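Chemist: Structure file data-v4.txt (compact mmCIF, C-alpha atoms) is given on the next line.
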```txt
# COMPACT_ATOMS: atom_id res chain seq x y z
CA MET M 1 29.54 -32.11 -16.95
CA ASP M 2 27.83 -31.18 -13.68
CA ILE M 3 29.48 -31.71 -10.28
CA ALA M 4 27.69 -31.15 -6.97
CA LEU M 5 29.86 -28.90 -4.77
CA ASN M 6 27.44 -29.18 -1.85
CA GLU M 7 23.68 -29.51 -1.37
CA GLN M 8 23.06 -25.97 -2.63
CA SER M 9 25.56 -25.48 -5.46
CA MET M 10 26.41 -27.19 -8.73
CA LEU M 11 29.58 -26.73 -10.81
CA ARG M 12 28.72 -26.78 -14.51
CA ILE M 13 31.78 -27.49 -16.65
CA GLY M 14 31.73 -26.89 -20.40
CA THR M 15 34.46 -27.03 -23.02
CA GLU M 16 35.49 -23.38 -22.59
CA ALA M 17 34.09 -22.23 -19.25
CA ALA M 18 32.86 -23.44 -15.89
CA TYR M 19 30.37 -21.70 -13.64
CA VAL M 20 28.34 -22.32 -10.51
CA SER M 21 24.55 -22.52 -10.35
CA PHE M 22 22.16 -22.99 -7.46
CA PRO M 23 19.41 -25.56 -8.08
CA GLY M 24 17.28 -24.05 -5.30
CA PHE M 25 17.21 -20.73 -7.18
CA SER M 26 16.78 -22.06 -10.70
CA ALA M 27 13.39 -21.38 -12.29
CA PRO M 28 11.80 -21.21 -15.75
CA GLY M 29 12.02 -17.83 -17.43
CA MET M 30 15.53 -16.76 -16.53
CA ARG M 31 19.13 -17.90 -16.60
CA PHE M 32 22.02 -17.11 -14.29
CA GLY M 33 25.47 -18.20 -13.18
CA TYR M 34 28.48 -17.29 -11.08
CA SER M 35 31.85 -17.59 -12.77
CA THR M 36 34.78 -19.67 -11.59
CA ARG M 37 38.41 -18.97 -12.41
CA LEU M 38 38.60 -22.14 -14.56
CA LEU M 39 39.08 -22.48 -18.34
CA GLY M 40 39.88 -18.84 -19.14
CA VAL M 41 42.78 -17.42 -21.13
CA SER M 42 44.30 -14.93 -18.66
CA THR M 43 47.62 -15.72 -17.00
CA GLY M 44 49.67 -14.87 -13.92
CA ILE M 45 47.70 -13.41 -11.03
CA TYR M 46 44.64 -13.30 -13.34
CA ALA M 47 44.66 -17.00 -14.18
CA SER M 48 42.50 -17.79 -15.79
CA MET M 49 38.84 -16.66 -16.14
CA ASN M 50 39.40 -13.06 -15.07
CA LEU M 51 36.38 -10.87 -15.79
CA GLY M 52 37.77 -7.60 -14.43
CA LEU M 53 38.40 -5.06 -17.19
CA SER M 54 40.06 -2.57 -14.87
CA ARG M 55 42.49 -4.73 -12.92
CA GLY M 56 45.48 -4.50 -15.27
CA ASP M 57 44.85 -7.62 -17.35
CA ALA M 58 45.03 -7.39 -21.16
CA GLU M 59 41.63 -6.31 -22.48
CA GLU M 60 41.65 -8.78 -25.38
CA LEU M 61 42.08 -11.64 -22.91
CA VAL M 62 39.28 -10.42 -20.65
CA GLN M 63 36.98 -9.98 -23.64
CA GLU M 64 37.69 -13.56 -24.69
CA ASN M 65 36.89 -14.69 -21.15
CA TYR M 66 33.56 -12.88 -21.43
CA ARG M 67 32.84 -14.60 -24.72
CA ARG M 68 33.47 -18.00 -23.15
CA ILE M 69 31.43 -17.51 -19.98
CA CYS M 70 28.54 -15.89 -21.83
CA GLU M 71 28.32 -18.75 -24.31
CA ALA M 72 28.39 -21.24 -21.43
CA ILE M 73 25.50 -19.60 -19.58
CA GLY M 74 23.61 -18.65 -22.75
CA LEU M 75 23.94 -14.87 -22.66
CA ALA M 76 24.47 -12.30 -25.42
CA LYS M 77 27.94 -10.91 -24.63
CA ASP M 78 27.50 -7.67 -26.57
CA ARG M 79 24.30 -6.88 -24.63
CA LEU M 80 25.86 -7.30 -21.18
CA VAL M 81 25.35 -4.45 -18.73
CA LEU M 82 28.18 -3.81 -16.27
CA SER M 83 28.39 -1.21 -13.52
CA LYS M 84 30.95 0.83 -11.60
CA GLN M 85 30.80 -0.58 -8.07
CA THR M 86 31.92 1.56 -5.14
CA HIS M 87 30.46 -0.24 -2.08
CA LEU M 88 27.44 2.06 -1.92
CA CYS M 89 23.74 1.13 -1.88
CA ASN M 90 22.54 2.65 -5.13
CA VAL M 91 20.25 0.54 -7.34
CA ARG M 92 19.96 1.25 -11.08
CA LYS M 93 17.01 0.42 -13.32
CA VAL M 94 18.45 -0.98 -16.56
CA THR M 95 16.66 -0.51 -19.89
CA ALA M 96 17.31 -1.68 -23.45
CA GLU M 97 19.24 1.54 -24.12
CA ASP M 98 21.86 0.39 -21.59
CA ALA M 99 22.78 -2.77 -23.54
CA GLY M 100 26.55 -3.11 -23.87
CA ASN M 101 27.33 -0.62 -21.10
CA GLY M 102 30.88 -1.28 -19.93
CA ILE M 103 31.54 -4.13 -22.37
CA THR M 104 31.16 -2.76 -25.92
CA ARG M 105 31.30 0.91 -24.93
CA GLU M 106 32.49 3.03 -22.04
CA ASN M 107 30.82 2.37 -18.73
CA GLY M 108 28.42 5.25 -18.20
CA PHE M 109 27.26 4.25 -14.70
CA SER M 110 28.70 5.73 -11.49
CA ASP M 111 28.48 4.44 -7.92
CA ILE M 112 26.09 1.60 -8.78
CA ASP M 113 26.25 -1.63 -6.78
CA ALA M 114 22.94 -3.17 -7.82
CA LEU M 115 21.24 -3.56 -11.19
CA MET M 116 17.67 -4.58 -12.04
CA THR M 117 15.65 -4.98 -15.22
CA ASP M 118 12.41 -6.32 -16.67
CA VAL M 119 13.80 -6.42 -20.22
CA PRO M 120 14.16 -9.96 -21.63
CA GLY M 121 17.47 -10.79 -23.27
CA LEU M 122 19.35 -8.08 -21.36
CA PRO M 123 22.00 -9.74 -19.15
CA LEU M 124 23.25 -8.04 -15.99
CA ALA M 125 26.64 -8.59 -14.33
CA ILE M 126 28.24 -7.69 -11.01
CA PHE M 127 31.77 -8.40 -9.76
CA THR M 128 33.02 -9.87 -6.50
CA ALA M 129 36.13 -11.50 -5.07
CA ASP M 130 35.02 -12.16 -1.45
CA CYS M 131 32.08 -9.73 -1.34
CA VAL M 132 28.61 -11.24 -1.56
CA PRO M 133 26.83 -11.53 -4.94
CA VAL M 134 23.06 -11.57 -4.42
CA PHE M 135 20.71 -12.76 -7.19
CA PHE M 136 17.01 -11.78 -7.33
CA TYR M 137 14.18 -13.11 -9.48
CA ASP M 138 10.50 -12.18 -9.42
CA PRO M 139 8.69 -14.73 -11.63
CA VAL M 140 5.35 -12.91 -11.26
CA ARG M 141 6.38 -9.44 -12.45
CA ARG M 142 9.22 -10.89 -14.53
CA VAL M 143 12.09 -8.93 -13.00
CA VAL M 144 15.71 -9.87 -12.28
CA ALA M 145 18.34 -8.05 -10.22
CA LEU M 146 21.89 -8.43 -8.95
CA ALA M 147 23.52 -6.78 -5.93
CA HIS M 148 27.13 -6.52 -4.77
CA ALA M 149 27.27 -6.61 -0.96
CA GLY M 150 30.62 -6.12 0.70
CA TRP M 151 30.62 -5.36 4.41
CA ARG M 152 29.75 -1.71 3.72
CA GLY M 153 26.92 -2.66 1.37
CA THR M 154 25.71 -5.26 3.84
CA VAL M 155 25.46 -2.91 6.83
CA GLY M 156 24.09 -0.25 4.48
CA GLY M 157 21.28 -2.61 3.52
CA ILE M 158 21.78 -2.91 -0.23
CA VAL M 159 19.68 -6.08 -0.39
CA LYS M 160 16.77 -4.26 1.28
CA GLU M 161 17.24 -1.33 -1.10
CA THR M 162 17.10 -3.73 -4.05
CA VAL M 163 13.84 -5.29 -2.86
CA LEU M 164 12.35 -1.83 -2.33
CA ALA M 165 13.50 -0.68 -5.77
CA MET M 166 11.98 -3.75 -7.44
CA GLY M 167 8.68 -2.94 -5.75
CA ARG M 168 8.81 0.75 -6.56
CA GLU M 169 9.76 0.38 -10.23
CA TYR M 170 8.04 -2.87 -11.21
CA GLY M 171 5.45 -3.61 -8.57
CA SER M 172 7.31 -6.66 -7.24
CA LYS M 173 6.02 -8.11 -3.98
CA PRO M 174 8.70 -9.40 -1.56
CA SER M 175 6.73 -12.62 -1.08
CA ASP M 176 7.15 -13.40 -4.79
CA ILE M 177 10.90 -12.73 -5.02
CA LYS M 178 13.40 -15.60 -5.01
CA VAL M 179 16.95 -14.84 -3.83
CA ALA M 180 20.33 -16.59 -3.98
CA ILE M 181 23.32 -15.58 -1.87
CA GLY M 182 26.30 -16.59 -3.98
CA PRO M 183 29.93 -17.60 -3.32
CA SER M 184 31.70 -15.16 -1.00
CA ILE M 185 33.90 -15.07 2.07
CA CYS M 186 32.60 -17.20 4.93
CA ARG M 187 32.34 -16.45 8.63
CA ARG M 188 35.48 -18.44 9.48
CA CYS M 189 37.57 -16.35 7.05
CA PHE M 190 36.10 -12.87 7.44
CA GLU M 191 38.11 -11.43 10.31
CA ILE M 192 37.43 -7.77 11.15
CA GLY M 193 38.59 -5.15 13.62
CA PRO M 194 36.58 -3.39 16.33
CA GLU M 195 35.66 -0.41 14.13
CA VAL M 196 33.96 -2.62 11.53
CA ALA M 197 32.43 -4.79 14.24
CA GLU M 198 30.84 -1.66 15.69
CA GLU M 199 29.17 -0.97 12.33
CA PHE M 200 27.61 -4.45 12.40
CA GLN M 201 26.45 -3.97 15.98
CA LYS M 202 24.65 -0.77 15.00
CA VAL M 203 22.56 -2.64 12.43
CA PHE M 204 22.03 -6.12 13.86
CA ASP M 205 20.34 -6.50 17.21
CA CYS M 206 22.10 -9.74 18.06
CA PRO M 207 24.55 -10.38 20.92
CA VAL M 208 28.10 -11.29 19.94
CA ASP M 209 28.51 -15.08 19.66
CA ALA M 210 24.73 -15.61 19.53
CA GLN M 211 23.42 -18.61 17.63
CA GLY M 212 21.98 -17.29 14.38
CA GLY M 213 23.80 -13.99 14.87
CA VAL M 214 26.29 -12.22 12.63
CA LEU M 215 29.23 -11.26 14.89
CA PHE M 216 31.63 -13.54 16.78
CA HIS M 217 34.68 -12.97 18.98
CA GLY M 218 38.13 -13.71 17.59
CA ASN M 219 41.53 -13.26 19.23
CA GLY M 220 42.12 -10.10 21.23
CA ASP M 221 40.05 -7.25 19.85
CA ARG M 222 39.34 -9.09 16.60
CA PHE M 223 35.95 -10.39 15.46
CA TYR M 224 34.47 -12.57 12.73
CA ALA M 225 31.40 -11.47 10.76
CA ASP M 226 28.95 -13.72 8.93
CA LEU M 227 28.02 -11.87 5.75
CA TRP M 228 25.78 -14.72 4.58
CA GLN M 229 23.64 -14.61 7.71
CA ALA M 230 23.68 -10.80 7.80
CA ASN M 231 22.25 -10.53 4.30
CA ARG M 232 19.79 -13.33 4.99
CA LEU M 233 18.45 -11.47 8.03
CA LEU M 234 18.13 -8.25 6.03
CA LEU M 235 16.25 -10.09 3.29
CA LEU M 236 13.84 -11.52 5.84
CA GLN M 237 13.32 -8.02 7.23
CA ALA M 238 12.55 -6.86 3.68
CA GLY M 239 9.75 -9.44 3.44
CA ILE M 240 11.49 -12.22 1.49
CA THR M 241 10.25 -15.57 2.75
CA ALA M 242 12.78 -17.97 4.25
CA GLU M 243 12.00 -20.72 1.74
CA HIS M 244 12.79 -18.31 -1.10
CA ILE M 245 16.36 -17.67 0.10
CA CYS M 246 19.07 -19.98 -1.25
CA LEU M 247 22.58 -19.98 0.25
CA SER M 248 25.38 -21.24 -1.98
CA GLY M 249 27.49 -22.31 1.00
CA LEU M 250 30.70 -21.66 -0.96
CA CYS M 251 33.56 -19.55 0.42
CA THR M 252 35.77 -17.75 -2.09
CA MET M 253 38.72 -17.76 0.31
CA CYS M 254 38.40 -21.44 1.24
CA ARG M 255 37.95 -22.45 -2.42
CA GLN M 256 40.75 -20.51 -4.14
CA GLU M 257 41.08 -23.26 -6.74
CA LEU M 258 37.64 -22.18 -7.96
CA PHE M 259 37.40 -18.46 -7.17
CA PHE M 260 39.42 -15.28 -6.92
CA SER M 261 39.80 -14.07 -3.32
CA HIS M 262 40.82 -10.51 -2.51
CA ARG M 263 41.92 -11.29 1.03
CA ALA M 264 43.88 -14.38 0.16
CA THR M 265 45.95 -12.51 -2.44
CA ASP M 266 46.17 -9.02 -0.86
CA GLY M 267 44.26 -7.72 -3.87
CA ARG M 268 46.53 -9.20 -6.55
CA ARG M 269 43.86 -11.09 -8.44
CA GLY M 270 41.17 -11.09 -11.11
CA ASN M 271 37.41 -10.75 -10.72
CA ASN M 272 34.65 -13.30 -10.44
CA ALA M 273 31.28 -12.25 -11.83
CA GLY M 274 27.62 -13.05 -11.29
CA PHE M 275 25.22 -12.97 -14.26
CA ILE M 276 21.45 -13.02 -14.59
CA MET M 277 19.03 -12.51 -17.52
CA LEU M 278 15.34 -12.87 -18.27
CA ASP M 279 14.67 -15.29 -21.09
CA GLU M 280 12.90 -13.93 -24.16
CA VAL M 281 10.12 -16.52 -23.84
CA VAL M 282 8.92 -18.22 -20.67
```
Can you present the structure in this file as structure tokens?
Modeler:
Amino acid sequence: MDIALNEQSMLRIGTEAAYVSFPGFSAPGMRFGYSTRLLGVSTGIYASMNLGLSRGDAEELVQENYRRICEAIGLAKDRLVLSKQTHLCNVRKVTAEDAGNGITRENGFSDIDALMTDVPGLPLAIFTADCVPVFFYDPVRRVVALAHAGWRGTVGGIVKETVLAMGREYGSKPSDIKVAIGPSICRRCFEIGPEVAEEFQKVFDCPVDAQGGVLFHGNGDRFYADLWQANRLLLLQAGITAEHICLSGLCTMCRQELFFSHRATDGRRGNNAGFIMLDEVV
């Protein structure tokens, strides 16, 4: 069953898992999805589709959650490639030898917050719970990528680094790349202090409270930052065309019935995950 969540996002509900897709990003030759917390087997603070293997949940339950979500999207669970995310801007080229990294064997990656590959049938995954998941697809060079952009990754320019890496390693042209900015904390919910606001001001040449800007005054010395717009502006700077950028319009903190939110739970939660894979045959 498919349910429209807004104009940009669709909730796809199966018998054992439910995930979000973005019709404006969908294209022949690849498959993708962003998990919800529905229809999993985890309990308590992890209820129920927790995909975090290092958050204290029972591994057998998390592995069953992976089986369910992978079958729903159409991915090979045992070939998944996970990474160790540390809010940096390092991009890793993934090859067939990396299949199963972090899911069927120990995670051999360090400080990697973006993954990319041109290998069909090799699914990539990144984790968020308020941070921004960013999906990339180049249908010309046949390349997919995923980036995890928290506020540090955003001001550090991880989306620009991913576009550059796709060009360097695979010859991707920014004008060919399609991008989706997935469910994450919205501007109304992402309150920050003056130190973090200063980091945004260093990167984005927009006045506070400007229309189309990224930083807005809150109460006292507090501010609100728009991570969706910030990453959109960085993608445009990287050469991605506006019509190739899809915004999910879904806030993980506003929609806690669908997603895990770090801020809403003071970190006592499971992980959402974004997935993407090239199909074997176009």
Chemist: Could I get the residues of segment 71-144 of chain M with an atom no further than 12 Å from an atom of segment 16-26 of chain M, each paired with its nearest atom pair and that distance in Å to one decimal, using only C-alpha atoms, sorted by chain and residue number, as a Markdown table?
Modeler:
```
| residue | atom | partner | partner_atom | distance |
| --- | --- | --- | --- | --- |
| M:Glu71 | CA | M:Ala17 | CA | 8.4 |
| M:Ala72 | CA | M:Ala17 | CA | 6.2 |
| M:Ile73 | CA | M:Tyr19 | CA | 8.0 |
| M:Gly74 | CA | M:Ala17 | CA | 11.6 |
| M:Val134 | CA | M:Phe25 | CA | 11.2 |
| M:Phe135 | CA | M:Phe25 | CA | 8.7 |
| M:Phe136 | CA | M:Phe25 | CA | 9.0 |
| M:Tyr137 | CA | M:Phe25 | CA | 8.5 |
| M:Asp138 | CA | M:Phe25 | CA | 11.1 |
| M:Pro139 | CA | M:Ser26 | CA | 11.0 |
```
Chemist: Could you list, with a cut-off of 8 Å and counting all atoms listed in the file, the residues of segment 154-189 of chain M near segment 244-251 of chain M, each shown with its nearest atom pair and the distance in Å rounded to one decimal, rows sorted by chain and ascending number, as JSON lines?
Modeler:
```
{"residue": "M:Ile177", "atom": "CA", "partner": "M:His244", "partner_atom": "CA", "distance": 7.1}
{"residue": "M:Lys178", "atom": "CA", "partner": "M:His244", "partner_atom": "CA", "distance": 4.8}
{"residue": "M:Val179", "atom": "CA", "partner": "M:Ile245", "partner_atom": "CA", "distance": 4.9}
{"residue": "M:Ala180", "atom": "CA", "partner": "M:Cys246", "partner_atom": "CA", "distance": 4.5}
{"residue": "M:Ile181", "atom": "CA", "partner": "M:Leu247", "partner_atom": "CA", "distance": 4.9}
{"residue": "M:Gly182", "atom": "CA", "partner": "M:Ser248", "partner_atom": "CA", "distance": 5.1}
{"residue": "M:Pro183", "atom": "CA", "partner": "M:Leu250", "partner_atom": "CA", "distance": 4.8}
{"residue": "M:Ser184", "atom": "CA", "partner": "M:Cys251", "partner_atom": "CA", "distance": 5.0}
{"residue": "M:Ile185", "atom": "CA", "partner": "M:Cys251", "partner_atom": "CA", "distance": 4.8}
{"residue": "M:Cys186", "atom": "CA", "partner": "M:Cys251", "partner_atom": "CA", "distance": 5.2}
```
Chemist: Output as JSON lines one row per residue of segment 93-151 of chain M within 10 Å of segment 86-89 of chain M: the closest atom pair and its distance in Å to one decimal place, counting all atoms listed in the file, sorted by chain and residue number ascending.
Modeler:
```
{"residue": "M:Ser110", "atom": "CA", "partner": "M:Thr86", "partner_atom": "CA", "distance": 8.3}
{"residue": "M:Asp111", "atom": "CA", "partner": "M:Thr86", "partner_atom": "CA", "distance": 5.3}
{"residue": "M:Ile112", "atom": "CA", "partner": "M:Thr86", "partner_atom": "CA", "distance": 6.9}
{"residue": "M:Asp113", "atom": "CA", "partner": "M:Cys89", "partner_atom": "CA", "distance": 6.2}
{"residue": "M:Ala114", "atom": "CA", "partner": "M:Cys89", "partner_atom": "CA", "distance": 7.4}
{"residue": "M:Cys131", "atom": "CA", "partner": "M:His87", "partner_atom": "CA", "distance": 9.7}
{"residue": "M:Ala147", "atom": "CA", "partner": "M:Cys89", "partner_atom": "CA", "distance": 8.9}
{"residue": "M:His148", "atom": "CA", "partner": "M:His87", "partner_atom": "CA", "distance": 7.6}
{"residue": "M:Ala149", "atom": "CA", "partner": "M:His87", "partner_atom": "CA", "distance": 7.2}
{"residue": "M:Gly150", "atom": "CA", "partner": "M:His87", "partner_atom": "CA", "distance": 6.5}
{"residue": "M:Trp151", "atom": "CA", "partner": "M:His87", "partner_atom": "CA", "distance": 8.3}
```
Chemist: I need the chosen residues saved as a compact mmCIF listing (two decimals), in the frame of the given file, with C-alpha atoms.
Modeler:
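Result written to result06.txt:
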```txt
# COMPACT_ATOMS: atom_id res chain seq x y z
CA SER M 110 28.70 5.73 -11.49
CA ASP M 111 28.48 4.44 -7.92
CA ILE M 112 26.09 1.60 -8.78
CA ASP M 113 26.25 -1.63 -6.78
CA ALA M 114 22.94 -3.17 -7.82
CA CYS M 131 32.08 -9.73 -1.34
CA ALA M 147 23.52 -6.78 -5.93
CA HIS M 148 27.13 -6.52 -4.77
CA ALA M 149 27.27 -6.61 -0.96
CA GLY M 150 30.62 -6.12 0.70
CA TRP M 151 30.62 -5.36 4.41
```
Chemist: Compile the contact shell of Gly100 of chain M as a list in words: residues with an atom at most 8 Å away, counting all atoms listed in the file, same-chain residues fewer than 3 positions apart removed.
Modeler: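 In the requested form, the answer reads Lys77, Asp78, Arg79, Leu80, Val81, Leu82, Ile103, Thr104 and Arg105 of chain M.
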Chemist: Those same residues - C-alpha atoms - I'd like them written as a compact mmCIF listing (two decimals), keeping the file's coordinate frame.
Modeler:
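part_14.txt was written with the following content:
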```txt
# COMPACT_ATOMS: atom_id res chain seq x y z
CA LYS M 77 27.94 -10.91 -24.63
CA ASP M 78 27.50 -7.67 -26.57
CA ARG M 79 24.30 -6.88 -24.63
CA LEU M 80 25.86 -7.30 -21.18
CA VAL M 81 25.35 -4.45 -18.73
CA LEU M 82 28.18 -3.81 -16.27
CA ILE M 103 31.54 -4.13 -22.37
CA THR M 104 31.16 -2.76 -25.92
CA ARG M 105 31.30 0.91 -24.93
```
Chemist: Identify which of the residues M:Gly213, M:Gly267, M:Gly56, M:Gly220 lies closest to Leu234 of chain M, counting all atoms listed in the file when measuring atom-to-atom distances.
Modeler: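 Closest to Leu234 of chain M, using all atoms listed in the file: M:Gly213.
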Chemist: So which residues touch Ser175 of chain M within 8 Å, counting only C-alpha atoms, skipping near sequence neighbours fewer than 2 positions away, as a list in words?
Modeler: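 Contacts, in chain order: Lys173, Ile177, Gly239, Ile240 and Thr241 of chain M.
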Chemist: What gap, in Å, lies between atom CA of Asp118 of chain M and atom CA of Met49 of chain M?
Modeler: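 If I compute the distance from atom CA of Asp118 of chain M to atom CA of Met49 of chain M, I get 28.4 Å.
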Chemist: Report as a ChimeraX atom specification all protein, DNA and RNA residues lying within 12 Å of segment 196-202 of chain M, evaluated on all atoms listed in the file, omitting residues in the same chain fewer than 3 positions from it.
Modeler: /M:150-157,190-193,205-209,213-218,221-227,229-231
Chemist: Generate a file of the selected residues that holds C-alpha atoms, formatted as a short mmCIF file (atom, residue, chain, number, x, y, z; two decimals), in the frame of the given file.
Modeler:
```
data_model
loop_
_atom_site.label_atom_id
_atom_site.label_comp_id
_atom_site.auth_asym_id
_atom_site.auth_seq_id
_atom_site.Cartn_x
_atom_site.Cartn_y
_atom_site.Cartn_z
CA GLY M 150 30.62 -6.12 0.70
CA TRP M 151 30.62 -5.36 4.41
CA ARG M 152 29.75 -1.71 3.72
CA GLY M 153 26.92 -2.66 1.37
CA THR M 154 25.71 -5.26 3.84
CA VAL M 155 25.46 -2.91 6.83
CA GLY M 156 24.09 -0.25 4.48
CA GLY M 157 21.28 -2.61 3.52
CA PHE M 190 36.10 -12.87 7.44
CA GLU M 191 38.11 -11.43 10.31
CA ILE M 192 37.43 -7.77 11.15
CA GLY M 193 38.59 -5.15 13.62
CA ASP M 205 20.34 -6.50 17.21
CA CYS M 206 22.10 -9.74 18.06
CA PRO M 207 24.55 -10.38 20.92
CA VAL M 208 28.10 -11.29 19.94
CA ASP M 209 28.51 -15.08 19.66
CA GLY M 213 23.80 -13.99 14.87
CA VAL M 214 26.29 -12.22 12.63
CA LEU M 215 29.23 -11.26 14.89
CA PHE M 216 31.63 -13.54 16.78
CA HIS M 217 34.68 -12.97 18.98
CA GLY M 218 38.13 -13.71 17.59
CA ASP M 221 40.05 -7.25 19.85
CA ARG M 222 39.34 -9.09 16.60
CA PHE M 223 35.95 -10.39 15.46
CA TYR M 224 34.47 -12.57 12.73
CA ALA M 225 31.40 -11.47 10.76
CA ASP M 226 28.95 -13.72 8.93
CA LEU M 227 28.02 -11.87 5.75
CA GLN M 229 23.64 -14.61 7.71
CA ALA M 230 23.68 -10.80 7.80
CA ASN M 231 22.25 -10.53 4.30
#
```
Chemist: Between M:Glu169, M:Leu122, M:Thr265, M:Lys84, which is the closest to Gly108 of chain M once you count all atoms listed in the file?
Modeler: M:Lys84
Chemist: To box segment 36-51 of chain M, take all atoms listed in the file, fit an axis-aligned box, add 4 Å on each side, and give centre and edge lengths in Å to one decimal, as lines of an AutoDock Vina configuration file.
Modeler:
```
center_x = 42.2
center_y = -16.7
center_z = -16.1
size_x = 22.9
size_y = 19.6
size_z = 18.1
```
Chemist: Using only C-alpha atoms, which of the listed residues (M:Leu233, M:Val132, M:Ala210, M:Leu258) sits closest to Ser48 of chain M?
Modeler: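 Among the listed residues, M:Leu258 lies closest to Ser48 of chain M.
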Chemist: For Ala145 of chain M, which of M:Phe109, M:Ile276, M:Ser42, M:Leu53 is the closest residue, counting only C-alpha atoms?
Modeler: M:Ile276
Chemist: Record the distance separating atom CA of Pro174 of chain M and atom CA of Met116 of chain M, expressed in Å with one decimal.
Modeler: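 Here the two named atoms are 14.6 Å from each other.
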Chemist: Hey, can you check how far atom CA of Ile69 of chain M sits from atom CA of Tyr34 of chain M?
Modeler: 9.4 Å
Chemist: Which residue, M:Met277, M:Asn271, M:Gly121, M:Gly33, has the smallest gap to Asp57 of chain M when you use all atoms listed in the file?
Modeler: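 When distances to Asp57 of chain M are compared using all atoms listed in the file, the smallest one comes from M:Asn271.
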Chemist: So that I can check the surroundings of Val281 of chain M, please list as a list in words every protein, DNA and RNA residue that reaches within 12 Å of it, counting all atoms listed in the file and ignoring chain neighbours fewer than 2 positions away.
Modeler: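 Residues meeting the cut-off are Pro28, Gly29, Met30, Arg31, Val119, Pro120, Gly121, Arg142, Met277, Leu278 and Asp279 of chain M.
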Chemist: For a quick check of your reading of the model, name the residues lying within 9 Å of the coordinate (36.2, -20.2, -5.7), counting only C-alpha atoms, and write them as a list of chain:residue names.
Modeler: M:Ser35, M:Thr36, M:Arg37, M:Ala129, M:Pro183, M:Ser184, M:Leu250, M:Cys251, M:Thr252, M:Met253, M:Cys254, M:Arg255, M:Gln256, M:Glu257, M:Leu258, M:Phe259, M:Phe260, M:Ser261, M:Asn272
Chemist: Mind rebuilding segment 122-135 of chain M with N, CA and C atoms and writing that out as a PDB file, keeping the file's coordinate frame?
Modeler:
```
ATOM      1  N   LEU M 122      18.409  -9.122 -21.776  1.00  0.00           N
ATOM      2  CA  LEU M 122      19.350  -8.080 -21.360  1.00  0.00           C
ATOM      3  C   LEU M 122      20.097  -8.573 -20.123  1.00  0.00           C
ATOM      4  N   PRO M 123      21.290  -9.146 -20.292  1.00  0.00           N
ATOM      5  CA  PRO M 123      22.000  -9.740 -19.150  1.00  0.00           C
ATOM      6  C   PRO M 123      22.695  -8.700 -18.282  1.00  0.00           C
ATOM      7  N   LEU M 124      22.613  -8.909 -16.980  1.00  0.00           N
ATOM      8  CA  LEU M 124      23.250  -8.040 -15.990  1.00  0.00           C
ATOM      9  C   LEU M 124      24.455  -8.770 -15.397  1.00  0.00           C
ATOM     10  N   ALA M 125      25.455  -7.994 -14.946  1.00  0.00           N
ATOM     11  CA  ALA M 125      26.640  -8.590 -14.330  1.00  0.00           C
ATOM     12  C   ALA M 125      27.112  -7.733 -13.171  1.00  0.00           C
ATOM     13  N   ILE M 126      27.548  -8.383 -12.103  1.00  0.00           N
ATOM     14  CA  ILE M 126      28.240  -7.690 -11.010  1.00  0.00           C
ATOM     15  C   ILE M 126      29.500  -8.487 -10.670  1.00  0.00           C
ATOM     16  N   PHE M 127      30.462  -7.812 -10.010  1.00  0.00           N
ATOM     17  CA  PHE M 127      31.770  -8.400  -9.760  1.00  0.00           C
ATOM     18  C   PHE M 127      32.028  -8.538  -8.263  1.00  0.00           C
ATOM     19  N   THR M 128      32.626  -9.663  -7.888  1.00  0.00           N
ATOM     20  CA  THR M 128      33.020  -9.870  -6.500  1.00  0.00           C
ATOM     21  C   THR M 128      34.285 -10.708  -6.458  1.00  0.00           C
ATOM     22  N   ALA M 129      34.970 -10.639  -5.303  1.00  0.00           N
ATOM     23  CA  ALA M 129      36.130 -11.500  -5.070  1.00  0.00           C
ATOM     24  C   ALA M 129      36.299 -11.658  -3.569  1.00  0.00           C
ATOM     25  N   ASP M 130      35.238 -11.962  -2.887  1.00  0.00           N
ATOM     26  CA  ASP M 130      35.020 -12.160  -1.450  1.00  0.00           C
ATOM     27  C   ASP M 130      33.718 -11.502  -1.024  1.00  0.00           C
ATOM     28  N   CYS M 131      33.370 -10.358  -1.633  1.00  0.00           N
ATOM     29  CA  CYS M 131      32.080  -9.730  -1.340  1.00  0.00           C
ATOM     30  C   CYS M 131      30.945 -10.650  -1.791  1.00  0.00           C
ATOM     31  N   VAL M 132      29.742 -10.349  -1.334  1.00  0.00           N
ATOM     32  CA  VAL M 132      28.610 -11.240  -1.560  1.00  0.00           C
ATOM     33  C   VAL M 132      27.844 -10.847  -2.826  1.00  0.00           C
ATOM     34  N   PRO M 133      27.725 -11.764  -3.804  1.00  0.00           N
ATOM     35  CA  PRO M 133      26.830 -11.530  -4.940  1.00  0.00           C
ATOM     36  C   PRO M 133      25.430 -12.036  -4.588  1.00  0.00           C
ATOM     37  N   VAL M 134      24.426 -11.185  -4.781  1.00  0.00           N
ATOM     38  CA  VAL M 134      23.060 -11.570  -4.420  1.00  0.00           C
ATOM     39  C   VAL M 134      22.188 -11.492  -5.677  1.00  0.00           C
ATOM     40  N   PHE M 135      21.539 -12.607  -5.995  1.00  0.00           N
ATOM     41  CA  PHE M 135      20.710 -12.760  -7.190  1.00  0.00           C
ATOM     42  C   PHE M 135      19.232 -12.665  -6.785  1.00  0.00           C
TER      43      PHE M 135
END
```
